[in-house]
Amino acid sequence: ADTGLPKLAKKATYKVGFAQTESNNPWRIAQTQSMQDEAKKLGWQLVYTDAQGSAAKQVADVRSMIAQKVDAIFLSPREEKPLAPVILEAKKAGIPVFLIDRNVDQSLAKAGNDYVTFIGSNFIQEGQRVGQWIAKKTNGKANIIELEGTTGSSPANDRKKGFDDVIAKNPGMKILASQTGDFSRDKGRQVMETLLQAHPEVDVVYAHNDEMAIGAIAALEAAGRKPGKDVLVLSIDGGREAVQLVVDGKIAYVVECNPKFGPKAYSTLKDYAAGKKINAKIINPDREFHSANAAKLLPSAY
Amino acid sequence: MTTMPSKTTDPGRIWKQLSQQGVLIALVLLMVFGGLRYEGFITEYNLESFLRYNAMFGLIALGMTFVIITGGIDLSVGSVVALASVVAAKVSGQGALLGFLIPVLVGAGVGAINAGLITRGRIAPFIVTLATLLGARGLALLVSGNQSVSAEYTGNFIQIGQGDFLGFPIPAWMMVVAFLIGIFVLSSTQFGRYTLSIGDNEDAARLMGLPVDRTKFWVYVLSGALSGMAGVVLASQFGAGQPTEGVGWELTAIAAVVVGGTLLTGGVGTVWGTFFGVLLLGMIFNVLNFENGKGVISLSVYWQSVIRGMFLLLVVILQSRLTRKSSTS
Amino acid sequence: MLDSKTMKPKNTPPKPKMDWKLFLQQYGGLLALLVLFVFNAIFTPNFLSMQTLNINLTQVATIVIVGVGMTLVIATGGIDLSVGSLMAIAGALAPMIFMSDGLKDNPLGILLAFVLPVLAAAALGLFNGLLVSKFELQPIIATLVLFIAGRGIAQVLTNGNLQTFSNPSFQYIGLGKVLGLPFQVILMVLIVALAAWVMRRTVLGRSILSVGGNEKAARLSGIPAQRVKYAVYAISGLLAGIAGLITIAINSASDANQVGQNMELDAIAAVAVGGTLLEGGKATIVGTLIGALIIQLIRFTLLAKGVPDSVALIVKAGIIVGAVALQRSRRA
Amino acid sequence: MTTTSPQILLSMEHITKSFAGTPALRDSSLVVREGEVHALIGQNGAGKSTLLKILTGAYRKDTGSIAFAGREVNFKTPLESQQGGIATIYQEVNLVLKRSVSENILLGREPKKFGMIDWKEMHRQASQILQDMGIALDVTRPLQDYSIATQQMVSIARAISMKARLVVMDEPTSSLDEQEVETLFAVIRKLKQENVGVIFVSHYLDELYAISDHITVMRDGKTVHSGPIRSISKFELVAKMLGREIGEVERQGRTGFHKKNTTGQEELLTVKDLKRGNKLKGVNLTVKKGEILGVAGLLGSGRTETARALFGADPTDAGALSWKRQPIRLRSPREAIRLGMGFCSEDRKEEGIIPHLSVRENLTLALLPRISRLGVIDPQAQQKIIDKFIQRLGIKCSSPEQPIRELSGGNQQKVLLARWLCMNPDLLILDEPTRGIDVGAKAEIQNLISELAEDGLTVLMISSELEELTEGCQRVMVLRDGETVGELSGKNLSEKRIMHAMAGTEGAAHAGQ
Ligand SMILES: Nc1ncnc2c1ncn2[C@@H]1O[C@H](COP(=O)(O)OP(=O)(O)OP(=O)(O)O)[C@@H](O)[C@H]1O
Ligand SMILES: Nc1ncnc2c1ncn2[C@@H]1O[C@H](COP(=O)(O)OP(=O)(O)OP(=O)(O)O)[C@@H](O)[C@H]1O
Ligand SMILES: [Mg+2]
Ligand SMILES: [Mg+2]
């Protein structure tokens, strides 16, 4: 069926754009790296921009890619709504767009119609998985401190939302405090230090990313608590350092959210150019790490 | 020091004119460079989207110009943009008019709070607006519930940001008209004279019987209102109110004002200098994006920061050299 | 001559009110700190513990250290926006030195890892000083250059990557304890004491204040105004460098993207809340310490009370304005 | 009072005012009639400026009442008093220097056309106002291009062009030369004819007698005398001001200088053909050890520029300097100070005081290198100096820790003099050292300068007061248009001769006033 999506010719090499949202944390850096490495391997030209955390700048970035007439655009949209109009502009200019790791508002731009597809994880599900694991492990009884990501960012909102869904079903699981740690190790540590004073009864720490979890572990240890024993620490992302901490028994459980999008993204583009049917949503098969499998999976963590 | 100012030709004037074109010359050179080097650079599409985006910076930098000329500073602009965009999105269902007016009033309100604390409370503008930078951001997050707020797509509200008028983006119109009014106000009205005089010597202005507090009040209200307007553009252009947007915009605006030849010590400045300052700083981003597309040297975003910093330094040094020459002759 | 006509009573301000104002102006900061302390002592569980004290002091240490440099810069009528970026640069350099192949597990490596990054930050501070004094750029713009480019440099150095390490001798600066007191807290106290002494008793201190108060007059009195400016920006850079090292030491990791993020705002807020005039010519180092402690206690209180981020921002804004208003100088 | 006296225009009664608990005005009253020039006199710090600032709304009074034009008033801002019909020239020149002369004169009253400022008309009106005063200036240029005296004239022009019912002048003549004072007096006489009241503050008794009708004397924040000026002698006046016995006052001379007859021989500082832009076009002078060398010249003749160039404060284009017969080049005041020079600027506010710092800190600023070791200030050495100079110059302050900005103008000047005197310099350059200083203090300072000169201090003194030059100096150099045009000494040293040399009318010496 004709979806109205712009066509992409089959070529040996492409000039593709990658509009990154920011580069201020290891996860993003790994993602950019993966996109660049893979492009180099394929011999493609990559036009890379960085919105420095601003959706408005990201729109301007994408527009400059349109002006440069790239063959296709990979976009990691900073926000669900603000990036939708520019996707339509790209479509009008005949440039297919692939969204990675974050999606846009489906009422404004439709996958498979306005843009080719969304490749990524489901942030809400990630939060749910953490919640469910806790519910199972603690028999639905836990005193939880939640370290949120940057206030207002969509992974922070979604990872909280998914988690809250589970909490709502388990009256025994109590969130003692939920504060932002800005996705950063330093801030995560500081916030944890403080919250630990106010809520010494905590037995579970849920961090929205690895970095804050590692910060929280430092705070727990400084306070003489034993992460992994008296306090369970859980996080999302599954970077090598965090998985190592799972092996060491300090982190109890990590849901993977792999930033290595390069291979998948480009192979999807090639499939699209070849005229294959592309699903509107391609969810990464994200793993989970816990004491039983961490040691084995460690080498494959990003 | 030049030797003598002769009465007939008044070289001071000519120098002054030339110096303020420093920023203009830099802008033109950069555009010529871009046009020759990059395909698709000088195209209607690129220039229009460039203006559409930079109109927001233009609006806040315009208000900032007036504030800085009085010897003050307004650090709250970025947060006010975010707050206003959230408010705009919330009221966007009421149509373009209310969707425009209410956020502008909210911005003016924050400006009024700034002004009140500065004139009545006698607290340094830097501190007051540093506080409202935090406060307005908090309010934006609170009102929006920490999330982007969708704007009404069916009404005419989003036309403000996304529409064209006579083939030219509406936000760009708003910026240009605002700047024309700004130029007029600063050079040809009493309010403009008061603004300049207060920045030169506030005590003297007070003793000369000028309405110092009233003038400062309106200057901060103006800055707030223009930030509110930028918030409207943000919400309508991107279809959402964004509580986390606008971080660091105050610094971009300040840089644009200074690059445009306005002194941070107050008392000296031009509105049109700021206009070119905004375009120049925005153009750097645009050029860097295109340069990356060339693929000759793929600059990481980190190198881009370094280059932007150095470019800013270069322009500011050039500008200060030129202004100094003109003011000493 | 005395006791003549009756006058409008509202023109007669009650005498004690004047003194009360003066009192607030002088001790307002201390008073605010005290109020916060008492509030927490009553309403925050476990507040009165050694642990809490340690946490607050360690968390505030970097702000105070940077704030001291900022106070000196502000006293000359300047401002330093680049401190956060300089922290990041120092933080990026240190692990590169002590983890480099030649210097690994070598005491010399540790020594260099302390000295070189701090010197590099001081040198960049000197660069700020150059822009401000020689090139006569406005301090906000001059330091905005390194605010933007500096973090870029730190990121370029590390390619943006996190450097993680475990090196107890280096990390002593962030994790070590002397007699139960965190080392960084002792460092902070020493720096505050030294700076306060410099401001009160040395030629440099006096020169800083006179350059900030009236540069022309200072110059005519033989004060080397340019050199004084070089000095304050270099000191500010140096202290930022130290703060950068402390930050990475506590975290066992250096993240060029995050180290020192927003530090300039925290430090400036501490200086202002502490009662130093932003227009220069006046400075109180101890005030900056108090200012930083106030901000820290607010942050602690808001976190401990579970106040959401958005509300916390608004409260913080109110308290900054309130504390400064309390101590603002009167007008006739 | 006689029954035919004109209407009372202003009546301030029992005004009190304290600054942070320190009383500045204890009980001051002031009554001014229409068409009257009312002199206000008092020592430095007596409270004159404070009283006037209360009148104009720049300060708020604590108690007391003010009636103006028959109505009780309480102006809260200078704007209100201006609108109420009071125009004011404040003590320190208070204008916006970066703006043009015409804006400075007409700010707030700009002529408009279609809601826009009519620049042509504005410049025309400003030129007219100045012309009426007999001054020709390029009114489009920024005010900062002009000398402090011109700025003062502009400030006067602004005030009198307001068509006010009362014009307040707080030491308007302190930076004017005699010709300009004459211009001002002509203006005041015109105001008088128009039935405008004028309050005139000055430390020059001669001026007061020349222009005013009535006088009010203040001492320590109180009004101690008020009456027609004709009915009180100068000595009585000074006695009242200082709170001393009249006999004690009568024993003092015209100025505080006591001239010694021997002049120095050894050259200390020599300047040949000093040039700088279009300000200095060839200044030659020699200062000899132990003398007080005067420098005279009209406004803008280049006296201040010369002094600054000698002190290394401004770069020069040409000229050979030698110090103690050694050729030198000065690149900064610091180097000049090291050689043993001191320079006390004419612009106290902009180039003298460091407002927030205390009297102590201001006083020892230049001395710091000498009272410190390894950069650490020796508090005892500092204290000794402070005590000595506060006492010796009679500086009136609540304590050495008081911020200097809270001192009266005259006392600030004394601190600045002390800043240099405590250095014990070889050469002290004084630019208008007694400007704005009351007669008592002025005599003291002049006396002090003489004494120090006897102890071997060499002084280069710029002054617009010819009396000061003739009484105090052995030799006087005269500058005109940035060039040395003469040197007067011995019998030739008279006010008249200086005046002619300044104006370039030596030939017509007899035609002088
Ligand atoms: N803003 C202020 N803060 C504190 N004290 C002040 C202030 N202004 C004036 N004073 C004090 O009030 C007293 C009167 O000062 P004022 O300036 O009125 O004296 P004056 O008679 O005008 O002297 P001068 O002849 O030197 O100008 C002085 O002791 C001065 O120190
Ligand atoms: N373009 C200018 N910008 C700033 N200040 C100026 C300028 N031109 C002159 N001045 C200042 O004006 C004052 C007058 O300078 P000048 O040496 O020419 O006159 P003078 O003989 O000292 O007269 P007087 O002392 O009576 O004002 C000096 O303080 C000088 O620095
Ligand atoms: Mg006075
Ligand atoms: Mg002079």
# chains A, B, ... in the order shown; residues from 1 in each chain; ligands from 1
>>> residues_around(residues="region 174-191 of chain D", least_positions_apart="4", cutoff="8 Å", atoms="only C-alpha atoms", output="compact mmCIF listing (two decimals) with N, CA and C atoms, in the first residue's frame")
# COMPACT_ATOMS: atom_id res chain seq x y z
N GLY D 35 12.95 86.76 45.37
CA GLY D 35 13.90 87.74 44.85
C GLY D 35 15.11 87.94 45.72
N VAL D 37 18.79 86.59 47.28
CA VAL D 37 19.90 85.64 47.19
C VAL D 37 20.33 85.34 48.60
N MET D 133 23.77 82.79 28.68
CA MET D 133 24.72 82.89 29.78
C MET D 133 26.08 83.34 29.29
N GLY D 134 26.20 83.48 27.99
CA GLY D 134 27.48 83.92 27.43
C GLY D 134 28.45 82.78 27.22
N ILE D 148 35.60 69.81 33.86
CA ILE D 148 34.69 69.78 35.00
C ILE D 148 34.03 71.14 35.18
N ALA D 149 34.76 72.20 34.85
CA ALA D 149 34.19 73.54 34.99
C ALA D 149 33.06 73.75 33.99
N GLN D 152 30.12 72.03 35.13
CA GLN D 152 29.45 72.80 36.17
C GLN D 152 28.58 73.89 35.53
N ASN D 195 12.43 87.96 40.35
CA ASN D 195 11.82 87.64 41.62
C ASN D 195 12.00 86.17 42.04
N VAL D 196 13.01 85.54 41.47
CA VAL D 196 13.29 84.16 41.86
C VAL D 196 14.15 84.17 43.11
N GLY D 197 13.90 83.24 44.00
CA GLY D 197 14.75 83.11 45.18
C GLY D 197 15.96 82.24 44.85
N VAL D 198 17.10 82.56 45.45
CA VAL D 198 18.31 81.77 45.19
C VAL D 198 18.96 81.41 46.52
N SER D 202 28.63 78.68 49.42
CA SER D 202 30.00 78.83 48.97
C SER D 202 30.90 78.97 50.18
N ILE D 211 27.36 88.88 46.22
CA ILE D 211 26.12 88.55 45.53
C ILE D 211 24.91 88.42 46.44
N LEU D 298 43.48 79.48 32.57
CA LEU D 298 42.03 79.47 32.48
C LEU D 298 41.55 78.04 32.40
N LEU D 299 40.29 77.90 32.52
CA LEU D 299 39.65 76.62 32.34
C LEU D 299 40.04 76.02 30.99
N ARG D 435 39.67 73.19 46.94
CA ARG D 435 38.33 73.33 46.37
C ARG D 435 37.30 72.70 47.32
N GLY D 436 36.27 73.46 47.60
CA GLY D 436 35.19 72.93 48.41
C GLY D 436 35.53 72.74 49.87
N SER D 464 42.71 77.71 40.96
CA SER D 464 41.98 78.75 40.24
C SER D 464 41.80 79.97 41.12
N GLU D 465 42.23 79.83 42.38
CA GLU D 465 42.12 80.97 43.27
C GLU D 465 43.42 81.74 43.23
>>> closest_atom_pairs(of="chain D", to="ligand 2", cutoff="10 Å", atoms="only C-alpha atoms and all ligand atoms", output="tab-separated table")
residue	atom	partner	partner_atom_place_in_ligand_line	distance
D:Leu97	CA	ligand 2	4 (C)	9.2
D:Lys98	CA	ligand 2	3 (N)	9.9
D:Pro142	CA	ligand 2	1 (N)	9.0
D:Leu143	CA	ligand 2	3 (N)	8.5
D:Gln144	CA	ligand 2	4 (C)	5.1
D:Asp145	CA	ligand 2	1 (N)	3.8
D:Tyr146	CA	ligand 2	8 (N)	5.3
D:Ser147	CA	ligand 2	12 (O)	3.3
D:Ile148	CA	ligand 2	27 (O)	5.1
D:Ala149	CA	ligand 2	27 (O)	5.1
D:Thr150	CA	ligand 2	27 (O)	7.5
D:Gln151	CA	ligand 2	12 (O)	9.1
D:Gln152	CA	ligand 2	27 (O)	9.8
D:Ser175	CA	ligand 2	26 (O)	6.6
D:Leu176	CA	ligand 2	26 (O)	6.8
D:Asp177	CA	ligand 2	26 (O)	6.9
D:Asn278	CA	ligand 2	18 (O)	9.3
D:Lys279	CA	ligand 2	18 (O)	5.9
D:Leu280	CA	ligand 2	18 (O)	8.0
D:Val295	CA	ligand 2	21 (O)	9.2
D:Ala296	CA	ligand 2	21 (O)	8.1
D:Gly297	CA	ligand 2	21 (O)	5.9
D:Leu298	CA	ligand 2	21 (O)	6.0
D:Leu299	CA	ligand 2	26 (O)	3.8
D:Gly300	CA	ligand 2	19 (O)	3.2
D:Ser301	CA	ligand 2	21 (O)	3.9
D:Gly302	CA	ligand 2	17 (O)	3.3
D:Arg303	CA	ligand 2	21 (O)	3.7
D:Thr304	CA	ligand 2	22 (O)	3.4
D:Glu305	CA	ligand 2	17 (O)	3.8
D:Thr306	CA	ligand 2	17 (O)	6.5
D:Ala307	CA	ligand 2	17 (O)	8.0
D:Arg308	CA	ligand 2	31 (O)	8.0
D:Ala309	CA	ligand 2	17 (O)	9.9
D:Asp314	CA	ligand 2	31 (O)	9.2
D:Ser345	CA	ligand 2	29 (O)	8.4
D:Glu346	CA	ligand 2	25 (O)	7.0
D:Asp347	CA	ligand 2	29 (O)	7.3
D:Glu351	CA	ligand 2	29 (O)	9.7
D:Asp431	CA	ligand 2	25 (O)	7.4
D:Glu432	CA	ligand 2	25 (O)	7.6
D:Ile462	CA	ligand 2	25 (O)	7.9
D:Ser463	CA	ligand 2	25 (O)	8.0
D:Ser464	CA	ligand 2	26 (O)	6.8
D:Leu479	CA	ligand 2	21 (O)	7.8
D:Arg480	CA	ligand 2	21 (O)	8.3
D:Asp481	CA	ligand 2	18 (O)	8.2
D:Gly482	CA	ligand 2	18 (O)	7.5
>>> residues_around(residues="Asp200 (chain B)", least_positions_apart="6", cutoff="8 Å", atoms="only C-alpha atoms", output="MDAnalysis selection string")
(chainID B and resid 70:71 265:268) or (chainID D and resid 96:99)
>>> write_last_selection(atoms="all heavy atoms", output="compact mmCIF listing (two decimals), in the first residue's frame")
# COMPACT_ATOMS: atom_id res chain seq x y z
N THR B 70 20.13 50.36 30.72
CA THR B 70 19.93 51.03 32.01
C THR B 70 20.98 50.60 33.02
O THR B 70 20.94 51.03 34.17
CB THR B 70 18.56 50.72 32.64
OG1 THR B 70 18.52 49.31 32.96
CG2 THR B 70 17.42 51.08 31.75
N GLY B 71 21.88 49.74 32.62
CA GLY B 71 22.91 49.27 33.55
C GLY B 71 22.47 48.05 34.32
O GLY B 71 23.13 47.62 35.26
N THR B 265 28.03 48.09 31.07
CA THR B 265 28.04 49.07 32.15
C THR B 265 26.89 50.06 32.01
O THR B 265 26.64 50.85 32.90
CB THR B 265 29.35 49.85 32.16
OG1 THR B 265 29.73 50.08 30.80
CG2 THR B 265 30.43 49.06 32.83
N GLY B 266 26.20 50.00 30.89
CA GLY B 266 25.04 50.85 30.72
C GLY B 266 25.36 52.18 30.08
O GLY B 266 26.50 52.60 30.00
N GLY B 267 24.31 52.83 29.62
CA GLY B 267 24.46 54.17 29.09
C GLY B 267 24.83 54.26 27.62
O GLY B 267 24.73 55.32 27.03
N VAL B 268 25.26 53.15 27.05
CA VAL B 268 25.64 53.16 25.64
C VAL B 268 25.06 51.94 24.95
O VAL B 268 25.20 50.83 25.46
CB VAL B 268 27.18 53.10 25.47
CG1 VAL B 268 27.55 53.07 24.01
CG2 VAL B 268 27.83 54.26 26.17
N VAL D 96 24.71 63.37 33.32
CA VAL D 96 24.96 62.14 32.60
C VAL D 96 26.00 62.42 31.52
O VAL D 96 25.71 63.00 30.48
CB VAL D 96 23.67 61.53 32.02
CG1 VAL D 96 22.89 60.87 33.15
CG2 VAL D 96 22.79 62.57 31.37
N LEU D 97 27.22 61.99 31.81
CA LEU D 97 28.36 62.46 31.03
C LEU D 97 28.40 61.92 29.61
O LEU D 97 28.97 62.54 28.73
CB LEU D 97 29.65 62.10 31.76
CG LEU D 97 29.80 62.77 33.12
CD1 LEU D 97 31.08 62.35 33.79
CD2 LEU D 97 29.76 64.28 32.98
N LYS D 98 27.82 60.75 29.39
CA LYS D 98 27.92 60.18 28.05
C LYS D 98 26.91 60.81 27.10
O LYS D 98 26.99 60.60 25.90
CB LYS D 98 27.71 58.67 28.10
CG LYS D 98 28.89 57.94 28.67
CD LYS D 98 28.69 56.45 28.63
CE LYS D 98 29.70 55.73 29.48
NZ LYS D 98 29.07 54.71 30.31
N ARG D 99 25.95 61.52 27.63
CA ARG D 99 24.96 62.14 26.77
C ARG D 99 25.41 63.54 26.37
O ARG D 99 26.30 64.13 26.99
CB ARG D 99 23.60 62.19 27.48
CG ARG D 99 23.14 60.82 27.99
CD ARG D 99 22.08 60.20 27.11
NE ARG D 99 22.50 60.01 25.75
CZ ARG D 99 23.21 58.96 25.32
NH1 ARG D 99 23.59 58.04 26.15
NH2 ARG D 99 23.55 58.87 24.06
>>> atom_distance(atom1="CA of Thr215 (chain B)", atom2="CA of Gly192 (chain B)")
9.1 Å
>>> interface_residues(of="chain C", to="chain A", cutoff="10 Å", atoms="only C-alpha atoms", output="PyMOL selection string")
chain C and resi 44-47+49+51-52+55-56+58-59+155+159-162+164+175+247-248+250-260+299-310
>>> interface_residues(of="chain C", to="chain B", cutoff="9 Å", atoms="only C-alpha atoms", output="ChimeraX atom specification")
/C:131,135-138,140-142,144-156,159-160,265,268-269,272-273,277-279,308-321,324-325,328-331
>>> select_by_dssp(residues="region 137-176 of chain A", states="alpha helix (DSSP H)", output="number ranges by chain")
A: 137, 154-169
>>> residues_near_ligand(ligand="ligand 3", cutoff="12 Å", atoms="only C-alpha atoms and all ligand atoms", output="PyMOL selection string")
chain D and resi 24+40-53+89-93+169-172+174+200-203+218+221+406-413+435-438
>>> interface_residues(of="chain D", to="chain B", cutoff="7 Å", atoms="only C-alpha atoms", output="list in words")
Ala58, Pro78, Leu79, Gln82, Asn94, Leu95, Val96, Leu97, Lys98, Gly108, Met116, Ile117, Gly277 and Asn278 of chain D
>>> interface_residues(of="chain B", to="chain A", cutoff="6 Å", atoms="only C-alpha atoms", output="JSON, numbers by chain")
{"B": [40, 46, 146, 147, 238, 239, 240, 245, 292, 293]}
>>> closest_residue(among="C:Ala218, C:Leu86, C:Ala234, C:Leu57", to="chain D", atoms="only C-alpha atoms")
C:Ala218
>>> residues_around(residues="Leu24 (chain B)", least_positions_apart="6", cutoff="9 Å", atoms="only C-alpha atoms", output="list in words")
Gly260, Gly273, Phe276, Gly277 and Leu280 of chain B
>>> closest_atom_pairs(of="chain D", to="chain C", cutoff="6 Å", atoms="only C-alpha atoms", output="Markdown table")
| residue | atom | partner | partner_atom | distance |
| --- | --- | --- | --- | --- |
| D:Tyr59 | CA | C:Ala332 | CA | 5.4 |
| D:Asp62 | CA | C:Asn11 | CA | 5.8 |
| D:Thr63 | CA | C:Asn11 | CA | 5.7 |
| D:Pro333 | CA | C:Gly222 | CA | 5.4 |
| D:Arg334 | CA | C:Gly222 | CA | 4.1 |
| D:Glu351 | CA | C:Ala217 | CA | 4.2 |
| D:Gly352 | CA | C:Ala217 | CA | 4.9 |
| D:Ile354 | CA | C:Gly213 | CA | 5.2 |
| D:Ala366 | CA | C:Ser221 | CA | 4.9 |
| D:Gly375 | CA | C:Val203 | CA | 5.2 |
| D:Val376 | CA | C:Thr202 | CA | 4.2 |
| D:Ile377 | CA | C:Thr202 | CA | 5.1 |
>>> residues_around(residues="Glu401 (chain D)", least_positions_apart="2", cutoff="7 Å", atoms="only C-alpha atoms", output="list in words")
Ser358, Val359, Arg360, Ser399 and Pro403 of chain D
